[in-house]
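Chemist: Below is the structure I would like to discuss, written out as structure tokens.
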Amino acid sequence: MASIYSSLVAALSHRDIVSDAEKSLIETFVGRTKSFSVNDEIVAEGSTPTEACLVLSGFAGRIHYFLDGRRQFSALHHSGDFVDLHSLVLKVMDHSVVALSPCTVVFITHDSIRSATEKSPHLGRLLWMLTVVDAAIHRAWLVSLARRPAAAHVAHFMSEAFTRLSVVGLTDNNSFAFPIRQGDLADLTGISAVHLNRSVQTLRKSGLIKWKDGILTIPDPEALFAFAEFNPTYLSLTKRPR
């Protein structure tokens, strides 16, 4: 039977060699699984977690709220992603995490992560790397938000999602499940709902994407990447010693 940590191991193994001993240490993580519906809060702003939340299935987003009800997502997470690994050292959550689709997560105790990483400093570096990649993704999103035209911004977001999901085996040829509502996608990209809709239509009419019934297809990934000026270097997908 497949481990609940298989996507995490896949994400790590794409970037470095994960030894059998390290895989066994990951299996020692003490966790409790829980399922959430769309819009459910997974982690609360202002909380002081004693567990790190790992997504097992579905999509979740880091979200920030304004007093007038507006909101902005600052990250998209899927199977194999920790949504709050930084809470191990930062302690207090400065944002919330909500479900963007039905999703299942596992809450892993900080103590069990510390125990495993003390036994394997290399595993500790690999988990540290995941937080560094999160920061790199934030920088890429900031560049898109500040400088890319709306259609290119959406194309870049979709290029990144396709690439990240490919790493953990969640794409089927050039298609993947993407049950994200357009309103949520607008809040993920920081684009108004009107401009988001126009951008999606532009990408559809150009033949760069097909998005129907929660399935996103990219007929020619290289063409979409070129349109978006997407360079995956920031995802650190080269396998090398860490």
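Please note that chains go A, B, ... in the order of the structure tokens, that every chain numbers its residues from 1, and that ligands are numbered from 1 in the order shown.
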Please identify all polymer residues within 10 Å of Leu235 of chain A, counting only C-alpha atoms, omitting same-chain residues fewer than 4 positions from it, and present them as a PyMOL selection string.

Modeler: chain A and resi 15+130+132-137+140+160+163-164+231

Chemist: Can you list, as number ranges by chain, every protein, DNA or RNA residue that comes within 7 Å of Ser74 of chain A when you count only C-alpha atoms, leaving out same-chain residues fewer than 5 positions away?

Modeler: A: 62-63, 188

Chemist: Excluding Ser13 of chain A and residues on its chain fewer than 6 positions from it, collect all residues at most 10 Å away from it, counting only C-alpha atoms, and give them as a list in words.

Modeler: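 In the requested form, the answer reads Ser7, Ser19, Leu126, Val167, Val168, Leu237, Lys239 and Arg240 of chain A.
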
Chemist: Enumerate the residues of segment 33-91 of chain A with a DSSP assignment of alpha helix (DSSP H), computed from the backbone, and present them as a ChimeraX atom specification.

Modeler: /A:87-90

Chemist: Now that the selection is made, can you save its residues with N, CA and C atoms as a CSV table (one decimal), in the first residue's frame?

Modeler:
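As a result, part-v1.csv now contains:
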```
chain,number,residue,atom,x,y,z
A,87,SER,N,6.1,27.2,10.4
A,87,SER,CA,5.7,27.4,11.8
A,87,SER,C,6.5,26.7,12.8
A,88,LEU,N,7.4,25.8,12.3
A,88,LEU,CA,8.3,25.1,13.2
A,88,LEU,C,9.3,26.0,13.9
A,89,VAL,N,9.6,27.1,13.1
A,89,VAL,CA,10.6,28.1,13.7
A,89,VAL,C,10.0,29.5,13.9
A,90,LEU,N,8.9,29.9,13.1
A,90,LEU,CA,8.3,31.2,13.2
A,90,LEU,C,7.3,31.3,14.3
```

Chemist: Could you pull out the residues in segment 16-163 of chain A that DSSP calls strand (DSSP E or B) from the backbone, as a PyMOL selection string?

Modeler: chain A and resi 31-36+41-43+51-57+60-65+71-77+82+96-99+103-109

Chemist: Could you give me, as JSON, numbers by chain, the residues within 8 Å of Cys53 of chain A, counting only C-alpha atoms and dropping anything in the same chain fewer than 4 positions from it?

Modeler: {"A": [82, 83, 84, 85, 105, 106, 107, 108]}

Chemist: Go ahead and dump the residues you just picked, N, CA, C and O atoms, as an mmCIF file, in the first residue's frame.

Modeler:
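That gives us result35.cif:
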```cif
data_model
loop_
_atom_site.group_PDB
_atom_site.id
_atom_site.type_symbol
_atom_site.label_atom_id
_atom_site.label_comp_id
_atom_site.auth_asym_id
_atom_site.auth_seq_id
_atom_site.Cartn_x
_atom_site.Cartn_y
_atom_site.Cartn_z
ATOM 1 N N PHE A 82 3.886 21.112 2.144
ATOM 2 C CA PHE A 82 3.607 21.625 3.478
ATOM 3 C C PHE A 82 3.047 23.040 3.327
ATOM 4 O O PHE A 82 3.593 23.854 2.579
ATOM 5 N N VAL A 83 1.983 23.348 4.050
ATOM 6 C CA VAL A 83 1.429 24.699 3.977
ATOM 7 C C VAL A 83 1.997 25.607 5.061
ATOM 8 O O VAL A 83 1.864 26.834 4.976
ATOM 9 N N ASP A 84 2.606 25.034 6.072
ATOM 10 C CA ASP A 84 3.059 25.838 7.213
ATOM 11 C C ASP A 84 4.278 25.241 7.895
ATOM 12 O O ASP A 84 4.422 25.333 9.111
ATOM 13 N N LEU A 85 5.187 24.679 7.117
ATOM 14 C CA LEU A 85 6.390 24.097 7.713
ATOM 15 C C LEU A 85 7.196 25.173 8.446
ATOM 16 O O LEU A 85 7.880 24.893 9.433
ATOM 17 N N VAL A 105 -5.603 16.451 4.440
ATOM 18 C CA VAL A 105 -4.275 16.825 4.903
ATOM 19 C C VAL A 105 -3.873 15.919 6.062
ATOM 20 O O VAL A 105 -4.697 15.212 6.642
ATOM 21 N N VAL A 106 -2.592 15.950 6.389
ATOM 22 C CA VAL A 106 -2.115 15.284 7.596
ATOM 23 C C VAL A 106 -1.383 16.327 8.427
ATOM 24 O O VAL A 106 -0.537 17.075 7.916
ATOM 25 N N PHE A 107 -1.744 16.424 9.689
ATOM 26 C CA PHE A 107 -1.075 17.315 10.631
ATOM 27 C C PHE A 107 0.014 16.525 11.341
ATOM 28 O O PHE A 107 -0.286 15.593 12.096
ATOM 29 N N ILE A 108 1.272 16.894 11.089
ATOM 30 C CA ILE A 108 2.429 16.153 11.610
ATOM 31 C C ILE A 108 3.022 16.931 12.779
ATOM 32 O O ILE A 108 3.310 18.124 12.659
#
```

Chemist: Tell me, in Å to one decimal, how far atom CA of Lys119 of chain A is from atom CA of Ser236 of chain A.

Modeler: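 That distance, rounded to one decimal, is 24.9 Å.
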
Chemist: Show me, as a VMD selection string, the residues that have an atom within 8 Å of Leu145 of chain A when counting only C-alpha atoms, minus same-chain residues fewer than 6 positions from it.

Modeler: chain A and resid 153 189 to 190

Chemist: Please write the residues from the selection above to a file, keeping N, CA and C atoms, as a tab-separated table (two decimals), in the first residue's frame.

Modeler:
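The resulting file, part34.tsv, is reproduced below:
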```
chain	number	residue	atom	x	y	z
A	153	HIS	N	0.27	36.72	-17.03
A	153	HIS	CA	0.31	36.38	-15.60
A	153	HIS	C	-0.45	35.07	-15.36
A	189	THR	N	-4.19	35.28	-8.33
A	189	THR	CA	-3.32	36.06	-9.23
A	189	THR	C	-3.36	37.56	-8.95
A	190	GLY	N	-4.29	38.00	-8.12
A	190	GLY	CA	-4.39	39.42	-7.84
A	190	GLY	C	-4.95	40.22	-9.00
```

Chemist: Would you tabulate, counting only C-alpha atoms, all residues of segment 102-162 of chain A that have an atom at most 12 Å from an atom of segment 25-42 of chain A, showing the closest pair of atoms and their distance in Å to one decimal, sorted by chain then ascending number, as a Markdown table?

Modeler:
```
| residue | atom | partner | partner_atom | distance |
| --- | --- | --- | --- | --- |
| A:Pro102 | CA | A:Ser37 | CA | 4.5 |
| A:Cys103 | CA | A:Phe36 | CA | 5.4 |
| A:Thr104 | CA | A:Ser35 | CA | 4.2 |
| A:Val105 | CA | A:Lys34 | CA | 5.6 |
| A:Val106 | CA | A:Thr33 | CA | 4.2 |
| A:Phe107 | CA | A:Gly31 | CA | 5.1 |
| A:Ile108 | CA | A:Gly31 | CA | 4.1 |
| A:Thr109 | CA | A:Val30 | CA | 5.8 |
| A:His110 | CA | A:Val30 | CA | 8.8 |
| A:Asp111 | CA | A:Val30 | CA | 8.5 |
| A:Ser112 | CA | A:Phe29 | CA | 5.3 |
| A:Ile113 | CA | A:Phe29 | CA | 6.3 |
| A:Arg114 | CA | A:Phe29 | CA | 9.5 |
| A:Ser115 | CA | A:Phe29 | CA | 8.8 |
| A:Ala116 | CA | A:Leu25 | CA | 5.6 |
| A:Thr117 | CA | A:Leu25 | CA | 8.3 |
| A:Glu118 | CA | A:Leu25 | CA | 10.4 |
| A:Lys119 | CA | A:Leu25 | CA | 8.3 |
| A:Ser120 | CA | A:Leu25 | CA | 8.3 |
| A:Pro121 | CA | A:Leu25 | CA | 11.6 |
| A:His122 | CA | A:Leu25 | CA | 11.5 |
| A:Leu123 | CA | A:Leu25 | CA | 8.7 |
| A:Gly124 | CA | A:Ile26 | CA | 10.8 |
| A:Leu126 | CA | A:Ile26 | CA | 11.6 |
| A:Leu127 | CA | A:Ile26 | CA | 10.7 |
```

Chemist: Output the selection as an mmCIF file, in the first residue's frame - N, CA, C and O atoms for each residue.

Modeler:
```cif
data_model
loop_
_atom_site.group_PDB
_atom_site.id
_atom_site.type_symbol
_atom_site.label_atom_id
_atom_site.label_comp_id
_atom_site.auth_asym_id
_atom_site.auth_seq_id
_atom_site.Cartn_x
_atom_site.Cartn_y
_atom_site.Cartn_z
ATOM 1 N N PRO A 102 -12.152 20.277 -2.269
ATOM 2 C CA PRO A 102 -12.138 19.251 -1.220
ATOM 3 C C PRO A 102 -10.717 18.715 -1.075
ATOM 4 O O PRO A 102 -10.054 18.418 -2.074
ATOM 5 N N CYS A 103 -10.219 18.674 0.128
ATOM 6 C CA CYS A 103 -8.841 18.208 0.282
ATOM 7 C C CYS A 103 -8.671 17.450 1.597
ATOM 8 O O CYS A 103 -9.458 17.610 2.535
ATOM 9 N N THR A 104 -7.633 16.634 1.609
ATOM 10 C CA THR A 104 -7.270 15.878 2.795
ATOM 11 C C THR A 104 -5.839 16.242 3.155
ATOM 12 O O THR A 104 -4.972 16.361 2.268
ATOM 13 N N VAL A 105 -5.603 16.451 4.440
ATOM 14 C CA VAL A 105 -4.275 16.825 4.903
ATOM 15 C C VAL A 105 -3.873 15.919 6.062
ATOM 16 O O VAL A 105 -4.697 15.212 6.642
ATOM 17 N N VAL A 106 -2.592 15.950 6.389
ATOM 18 C CA VAL A 106 -2.115 15.284 7.596
ATOM 19 C C VAL A 106 -1.383 16.327 8.427
ATOM 20 O O VAL A 106 -0.537 17.075 7.916
ATOM 21 N N PHE A 107 -1.744 16.424 9.689
ATOM 22 C CA PHE A 107 -1.075 17.315 10.631
ATOM 23 C C PHE A 107 0.014 16.525 11.341
ATOM 24 O O PHE A 107 -0.286 15.593 12.096
ATOM 25 N N ILE A 108 1.272 16.894 11.089
ATOM 26 C CA ILE A 108 2.429 16.153 11.610
ATOM 27 C C ILE A 108 3.022 16.931 12.779
ATOM 28 O O ILE A 108 3.310 18.124 12.659
ATOM 29 N N THR A 109 3.222 16.264 13.893
ATOM 30 C CA THR A 109 3.718 16.970 15.072
ATOM 31 C C THR A 109 5.118 17.545 14.815
ATOM 32 O O THR A 109 5.972 16.903 14.187
ATOM 33 N N HIS A 110 5.335 18.754 15.321
ATOM 34 C CA HIS A 110 6.659 19.355 15.220
ATOM 35 C C HIS A 110 7.697 18.482 15.899
ATOM 36 O O HIS A 110 8.833 18.350 15.421
ATOM 37 N N ASP A 111 7.328 17.878 17.015
ATOM 38 C CA ASP A 111 8.278 17.045 17.747
ATOM 39 C C ASP A 111 8.785 15.886 16.897
ATOM 40 O O ASP A 111 9.979 15.546 16.931
ATOM 41 N N SER A 112 7.886 15.259 16.114
ATOM 42 C CA SER A 112 8.322 14.120 15.299
ATOM 43 C C SER A 112 9.190 14.583 14.133
ATOM 44 O O SER A 112 10.097 13.856 13.706
ATOM 45 N N ILE A 113 8.946 15.793 13.619
ATOM 46 C CA ILE A 113 9.808 16.340 12.563
ATOM 47 C C ILE A 113 11.187 16.650 13.133
ATOM 48 O O ILE A 113 12.215 16.321 12.527
ATOM 49 N N ARG A 114 11.219 17.272 14.309
ATOM 50 C CA ARG A 114 12.513 17.566 14.944
ATOM 51 C C ARG A 114 13.302 16.284 15.197
ATOM 52 O O ARG A 114 14.513 16.221 14.953
ATOM 53 N N SER A 115 12.611 15.263 15.704
ATOM 54 C CA SER A 115 13.282 14.000 16.003
ATOM 55 C C SER A 115 13.903 13.402 14.742
ATOM 56 O O SER A 115 15.065 12.959 14.756
ATOM 57 N N ALA A 116 13.147 13.410 13.640
ATOM 58 C CA ALA A 116 13.649 12.822 12.390
ATOM 59 C C ALA A 116 14.821 13.619 11.832
ATOM 60 O O ALA A 116 15.818 13.047 11.374
ATOM 61 N N THR A 117 14.719 14.945 11.871
ATOM 62 C CA THR A 117 15.779 15.771 11.281
ATOM 63 C C THR A 117 17.031 15.810 12.153
ATOM 64 O O THR A 117 18.140 16.020 11.644
ATOM 65 N N GLU A 118 16.881 15.591 13.451
ATOM 66 C CA GLU A 118 18.066 15.483 14.312
ATOM 67 C C GLU A 118 18.837 14.207 14.008
ATOM 68 O O GLU A 118 20.070 14.171 14.109
ATOM 69 N N LYS A 119 18.123 13.170 13.595
ATOM 70 C CA LYS A 119 18.777 11.911 13.228
ATOM 71 C C LYS A 119 19.392 11.995 11.836
ATOM 72 O O LYS A 119 20.348 11.277 11.544
ATOM 73 N N SER A 120 18.845 12.857 10.979
ATOM 74 C CA SER A 120 19.375 13.016 9.627
ATOM 75 C C SER A 120 19.429 14.499 9.264
ATOM 76 O O SER A 120 18.436 15.065 8.803
ATOM 77 N N PRO A 121 20.572 15.142 9.464
ATOM 78 C CA PRO A 121 20.708 16.547 9.074
ATOM 79 C C PRO A 121 20.397 16.775 7.593
ATOM 80 O O PRO A 121 19.880 17.831 7.227
ATOM 81 N N HIS A 122 20.693 15.775 6.762
ATOM 82 C CA HIS A 122 20.396 15.921 5.332
ATOM 83 C C HIS A 122 18.897 16.026 5.104
ATOM 84 O O HIS A 122 18.433 16.855 4.306
ATOM 85 N N LEU A 123 18.116 15.225 5.806
ATOM 86 C CA LEU A 123 16.666 15.331 5.697
ATOM 87 C C LEU A 123 16.219 16.712 6.176
ATOM 88 O O LEU A 123 15.320 17.318 5.580
ATOM 89 N N GLY A 124 16.858 17.220 7.209
ATOM 90 C CA GLY A 124 16.540 18.572 7.667
ATOM 91 C C GLY A 124 16.797 19.600 6.582
ATOM 92 O O GLY A 124 15.995 20.524 6.400
ATOM 93 N N LEU A 126 16.727 19.046 3.369
ATOM 94 C CA LEU A 126 15.728 18.854 2.322
ATOM 95 C C LEU A 126 14.414 19.551 2.683
ATOM 96 O O LEU A 126 13.775 20.189 1.837
ATOM 97 N N LEU A 127 13.998 19.434 3.945
ATOM 98 C CA LEU A 127 12.776 20.117 4.365
ATOM 99 C C LEU A 127 12.973 21.631 4.368
ATOM 100 O O LEU A 127 12.070 22.388 4.004
#
```

Chemist: Here is a test: counting only C-alpha atoms, which residue of A:Ala226, A:Met129, A:Ala155, A:Leu100 is nearest to Val200 of chain A?

Modeler: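 Selected residue with least distance to Val200 of chain A: A:Ala155.
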
Chemist: Mind pulling up the distance from atom CA of His195 of chain A to atom CA of Tyr234 of chain A?

Modeler: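 Going from atom CA of Tyr234 of chain A over to atom CA of His195 of chain A, I get 26.4 Å.
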